[in-house]
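Below is one structure, written out as C-alpha cells, with a few remarks after it.
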Amino acid sequence: MTFRLYDTATREVRDFVPLEAGKAGLYVCGLTVQSEPHVGHVRSGVNFDVLQRWLRHLGYEVTFIRNITDIDDKILIKSSEQGRPWYNLAYAMHRELDRAYDALNVAPPTYEPAATGHVPEMIELITELIIRGHAYPAEDGSGDVYFDVRSWPSYGELTHQGVDDMEPAADADPRGKRDPRDFALWKGQKLGSEPDTAAWPSPWGRGRPGWHIECSAMAGKYLGAAFDIHGGGVDLRFPHHENEQAQSRAAGRPFATYWMHNAWITTAGEKMSKSLGNSLTIPAVLDQYRGIELRYYLVAAHYRSHVEFSFEALDEAAVGFRRMEAFLERAAELLGEIPGGGTLCAEFVEAMDNDLGTPGAVAAIHDVVREGNKLIAGGDSAALRGNAASVRAMLDVLGLDPQDSAWASTGSAGEDDKLKSAVDALVAGLLEERAQAREAKDWARADAIRDQIKQAGIEVTDTPTGPTWTVN
RNA sequence: GGUGGGUUGGCCGAGAGGCGAGGCAACGGACUGCAAAUCCGUGUACACGGGUUCAAAUCCCGUACCCACCUCCA
C-alpha cells in the first residue's frame, strides 16, 4: 500500500509520488514570531513533525524546511508598543517557540530559514517577476512593488476562486495599485513611522519584504524550483499560499506538487488568536500537563479535523496515554529493557498510509497494548517482548515513545533520582512491616500502615511481584 | 456576494454504501484479604426532512445551525 495524502489543491486523496525517487522535499510555513506560542500554534508543528517522521519511516530522505517570519507589520507594531526593538521581540519569541517545540518533541527541521536573512533571494525573485511582466513598482513613488494579479490568468487556482468573485479588500492600502487585489512583494519604507533597522536596500529604494515573497524565495533556495509538499494552517490557503504559488509559477518555478493544510484548534468556539488569554500559551499548559500528554492529545485527532480545545478533553487524553505508558513500564519491569525497532502492526501502517490517519493509528496501538497486558500475566516471554517492542516503535513514529531521551526531564533528573532512593529507603521499612502484617492476615494493621504512607502523599499498590509506590 | 469545512453515543474522537474504530466515564463479572491496575462483558450514536439502493452515518436533493478564508492570523 502506498502513502496517500489529501491535496488541498485537487481536493482529493492522492498517492504520494515524489519528484525524485526516495527523496521528499517539504516546506512548511512556520510562525510569525510576534507573541508567545499557544496550543493552536504548535498543532501545525506537531502535525508536520508526524508527517516528517512517517516519510522517514517509509525510507524517504527528507529535506524539511520550516521558516520563521521575523519581520512584519505586527512585529513592528507590538515591539513599538512594548518599547523594544522589533528584532529583540522577534528573537525572544523565536526562542520561546523553540522551547515549546522541544517540550513537545517536535524534531528540528533540516533548516529553519528566517525572512530577514533572505532579502537578496527575494529581490532576485521580484526582479524576475518584473522582467516577465507580472510585477510593477508602484507609480506613486512609495517604493512598493506589487504582483499584477490580472497578468497571471491562473490566479486563484489553488483555492478555486475567480479574481472577479473576490471581495475587493476594503481596508487595503491602495497606494499605487493597478488592481485592488494586487499584493505587495516589496514594501517601501515609511520614513518616520518605521525604524531604519527594518529597511533593506533594494533596486526600488529602501524597504522590507511583503509577506508572501519570503516563502517563495526560501522554498526555491533550499528545495529548488519544484518540490513535493507544501504545508501550513488552513487560514494560509488564501491569500498566503495562493500568492506564493502565483508568484513562484509566474517566475517560471513549478513550485509544490502537494498542498497540505492542518485545521484549527478553537476554544469556546473561537479561534485562539481572538480568544486567547494567557492560559493557553505553551508554558502555561505545561505547568499542568506533561509535554508528551499534550502531544498525545494533538496526535489523537486527525490533522484535518477541527479540535475544540478543553482541559477536560486533555485530561481524558492524558489518562488514555498513561494506559499505554503504564503497560510499557510493567513490561520493562519483566523484560529489563524493551528493544527498539519493533514491527508496526498492519492496522497502524494502513491508518498512517491513509493521509496520516493518526486516530486509527492510536486505536491500533491501544489494541496491541490490550494484547500485551494479557501477555504480562505470563511473565517474560518472546511474545511479550515482541509486543512491547511493537508498541514502542509505533509510539516512536508518532513522537510519543516515553523512552525517547527527548522526554527526559531537563536539569533536575539527578536530583529526582536521589530523592526517589531516599523515599524508597524510608518506605521500605514500612512496607516490610505491612508485609508481615499481611502474612499474619492482620488486615487492619496492614491497611493502617498503607493509610499512614498515604498521609505522606505516597500511594502504595500491590502487584504480583510485590508492592510499589508512587507519589500522589 | 464568493470559496471551503462541519453537526456521530454521557464525553472526546474515527469511519465514508453492508459486519458497532479507539479512548474516557458508567454498570456488571473475573482477579485481589481490601484497593489499584489488568482482563472479560454491557450501548438500539450518526442535526432535521425527503430521495436513490436489496442495503445509507456514508450517495443525491432540500432545511437548520456552527466554523473558516476572501490580501500580512497556525
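Following the order of the C-alpha cells, chains are lettered A, B, ..., residues in each are numbered from 1, and ligands are numbered from 1.
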
From the DSSP assignment of the backbone, select every residue of region 272-460 of chain A that is strand (DSSP E or B), and format the answer as a VMD selection string. chain A and resid 281 307 to 308 354 458 to 460

Taking only C-alpha atoms (C1' of nucleotides) into account, which residues of chain B are within 7 Å of chain A, as a ChimeraX atom specification? /B:2-3,12-14,21-24,33,36,38-39,69-74

Would you save the residues from that selection as a PDB file, in the first residue's frame, using C-alpha atoms (C1' of nucleotides)?
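Contents of again_16.pdb, freshly written:
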```
ATOM      1  C1'   G B   2     -17.544  34.100  -3.462  1.00  0.00           C
ATOM      2  C1'   U B   3     -14.739  29.566  -1.700  1.00  0.00           C
ATOM      3  C1'   C B  12     -13.586  13.007  23.398  1.00  0.00           C
ATOM      4  C1'   G B  13     -12.948  11.271  18.674  1.00  0.00           C
ATOM      5  C1'   A B  14     -12.532   7.847  13.914  1.00  0.00           C
ATOM      6  C1'   A B  21     -12.518   2.207  15.327  1.00  0.00           C
ATOM      7  C1'   G B  22     -10.394   3.500  19.754  1.00  0.00           C
ATOM      8  C1'   G B  23     -10.164   6.196  24.341  1.00  0.00           C
ATOM      9  C1'   C B  24     -12.553   8.430  28.799  1.00  0.00           C
ATOM     10  C1'   G B  33      -7.691 -10.045  52.149  1.00  0.00           C
ATOM     11  C1'   A B  36      -5.374  -0.088  42.426  1.00  0.00           C
ATOM     12  C1'   U B  38      -5.391  -5.563  34.266  1.00  0.00           C
ATOM     13  C1'   C B  39      -8.754  -8.744  31.579  1.00  0.00           C
ATOM     14  C1'   C B  69     -10.947  32.199   4.450  1.00  0.00           C
ATOM     15  C1'   C B  70     -11.850  36.406   0.815  1.00  0.00           C
ATOM     16  C1'   U B  71      -4.771  40.415   0.616  1.00  0.00           C
ATOM     17  C1'   C B  72       0.484  40.345   6.090  1.00  0.00           C
ATOM     18  C1'   C B  73      -3.843  35.069  11.714  1.00  0.00           C
ATOM     19  C1'   A B  74      -1.019  28.007  12.612  1.00  0.00           C
TER      20        A B  74
END
```

As a VMD selection string, please: the residues near Phe147 (chain A) (cut-off 12 Å, only C-alpha atoms (C1' of nucleotides), same-chain neighbours under 5 positions excluded). (chain A and resid 125 to 138 152 155 176 to 187 210 212 to 213 243 to 248 250 to 251) or (chain B and resid 71)

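Our summary of the geometry notes that CA of Tyr222 (chain A) is positioned 17.6 Å from CA of His241 (chain A).
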
Find the residue from B:G10, B:G5, B:G49, B:G41 that sits nearest to A68 (chain B); use only C-alpha atoms (C1' of nucleotides) when measuring. B:G5

Identify all residues of region 236-294 of chain A in helix (DSSP H, G or I) (DSSP on the backbone) and supply them as a ChimeraX atom specification. /A:236-250,272-275,282-288,291-294

Would you save the residues from that selection as a short mmCIF file (atom, residue, chain, number, x, y, z; two decimals), in the first residue's frame, using N, CA, C and O atoms?
```cif
data_model
loop_
_atom_site.label_atom_id
_atom_site.label_comp_id
_atom_site.auth_asym_id
_atom_site.auth_seq_id
_atom_site.Cartn_x
_atom_site.Cartn_y
_atom_site.Cartn_z
N LEU A 236 -3.95 29.85 5.88
CA LEU A 236 -2.92 30.36 4.96
C LEU A 236 -3.22 30.06 3.50
O LEU A 236 -2.56 30.58 2.61
N ARG A 237 -4.25 29.24 3.26
CA ARG A 237 -4.55 28.89 1.87
C ARG A 237 -4.70 30.15 1.03
O ARG A 237 -4.12 30.28 -0.04
N PHE A 238 -5.51 31.03 1.56
CA PHE A 238 -5.66 32.31 0.89
C PHE A 238 -5.55 33.40 1.95
O PHE A 238 -6.15 33.27 3.00
N PRO A 239 -4.81 34.41 1.68
CA PRO A 239 -4.09 34.71 0.45
C PRO A 239 -2.67 34.11 0.37
O PRO A 239 -2.11 34.01 -0.72
N HIS A 240 -2.13 33.73 1.51
CA HIS A 240 -0.70 33.45 1.54
C HIS A 240 -0.25 32.41 0.52
O HIS A 240 0.64 32.66 -0.30
N HIS A 241 -0.84 31.23 0.57
CA HIS A 241 -0.36 30.18 -0.32
C HIS A 241 -0.75 30.41 -1.77
O HIS A 241 0.00 30.08 -2.69
N GLU A 242 -1.91 30.96 -1.97
CA GLU A 242 -2.33 31.31 -3.33
C GLU A 242 -1.29 32.25 -3.94
O GLU A 242 -0.86 32.09 -5.09
N ASN A 243 -0.87 33.22 -3.17
CA ASN A 243 0.08 34.21 -3.67
C ASN A 243 1.48 33.63 -3.85
O ASN A 243 2.19 33.95 -4.80
N GLU A 244 1.86 32.77 -2.92
CA GLU A 244 3.16 32.10 -3.05
C GLU A 244 3.23 31.33 -4.36
O GLU A 244 4.21 31.39 -5.09
N GLN A 245 2.15 30.60 -4.62
CA GLN A 245 2.13 29.78 -5.82
C GLN A 245 2.12 30.66 -7.08
O GLN A 245 2.86 30.41 -8.02
N ALA A 246 1.30 31.70 -7.04
CA ALA A 246 1.20 32.59 -8.21
C ALA A 246 2.55 33.23 -8.52
O ALA A 246 3.02 33.19 -9.66
N GLN A 247 3.19 33.77 -7.51
CA GLN A 247 4.45 34.48 -7.78
C GLN A 247 5.58 33.53 -8.16
O GLN A 247 6.47 33.89 -8.92
N SER A 248 5.51 32.30 -7.63
CA SER A 248 6.55 31.34 -7.98
C SER A 248 6.36 30.84 -9.41
O SER A 248 7.30 30.80 -10.20
N ARG A 249 5.13 30.48 -9.73
CA ARG A 249 4.88 29.96 -11.07
C ARG A 249 5.03 31.04 -12.13
O ARG A 249 5.51 30.77 -13.24
N ALA A 250 4.63 32.24 -11.78
CA ALA A 250 4.77 33.34 -12.73
C ALA A 250 6.25 33.61 -13.02
O ALA A 250 6.61 34.14 -14.08
N MET A 272 -8.12 30.71 18.48
CA MET A 272 -7.32 31.05 19.65
C MET A 272 -6.75 32.45 19.58
O MET A 272 -6.59 33.12 20.59
N SER A 273 -6.44 32.88 18.38
CA SER A 273 -5.82 34.19 18.28
C SER A 273 -6.75 35.27 18.79
O SER A 273 -6.31 36.29 19.30
N LYS A 274 -8.07 35.02 18.67
CA LYS A 274 -9.02 36.03 19.14
C LYS A 274 -9.28 35.91 20.62
O LYS A 274 -9.40 36.90 21.33
N SER A 275 -9.45 34.65 21.07
CA SER A 275 -9.96 34.47 22.42
C SER A 275 -8.86 34.23 23.45
O SER A 275 -9.14 34.03 24.61
N ILE A 282 1.89 27.79 25.63
CA ILE A 282 2.52 26.50 25.91
C ILE A 282 3.12 26.43 27.31
O ILE A 282 2.90 25.46 28.04
N PRO A 283 3.86 27.45 27.74
CA PRO A 283 4.40 27.36 29.10
C PRO A 283 3.31 27.19 30.16
O PRO A 283 3.47 26.44 31.12
N ALA A 284 2.15 27.84 29.96
CA ALA A 284 1.07 27.74 30.95
C ALA A 284 0.47 26.34 30.96
O ALA A 284 0.21 25.77 32.02
N VAL A 285 0.25 25.76 29.79
CA VAL A 285 -0.32 24.42 29.72
C VAL A 285 0.66 23.40 30.30
O VAL A 285 0.27 22.46 30.99
N LEU A 286 1.95 23.63 30.05
CA LEU A 286 2.95 22.67 30.53
C LEU A 286 3.18 22.76 32.04
O LEU A 286 3.86 21.93 32.62
N ASP A 287 2.59 23.77 32.67
CA ASP A 287 2.61 23.80 34.12
C ASP A 287 1.73 22.70 34.68
O ASP A 287 1.95 22.22 35.79
N GLN A 288 0.70 22.33 33.91
CA GLN A 288 -0.27 21.36 34.40
C GLN A 288 -0.16 19.99 33.75
O GLN A 288 -0.63 19.01 34.31
N GLY A 291 4.51 17.47 28.44
CA GLY A 291 4.54 17.70 27.00
C GLY A 291 4.05 16.49 26.22
O GLY A 291 3.35 16.62 25.22
N ILE A 292 4.41 15.31 26.70
CA ILE A 292 4.04 14.09 25.97
C ILE A 292 2.52 13.90 26.00
O ILE A 292 1.93 13.36 25.07
N GLU A 293 1.88 14.36 27.06
CA GLU A 293 0.42 14.24 27.16
C GLU A 293 -0.25 15.22 26.20
O GLU A 293 -1.23 14.89 25.53
N LEU A 294 0.27 16.42 26.14
CA LEU A 294 -0.28 17.41 25.20
C LEU A 294 -0.09 16.93 23.77
O LEU A 294 -0.98 17.04 22.93
#
```
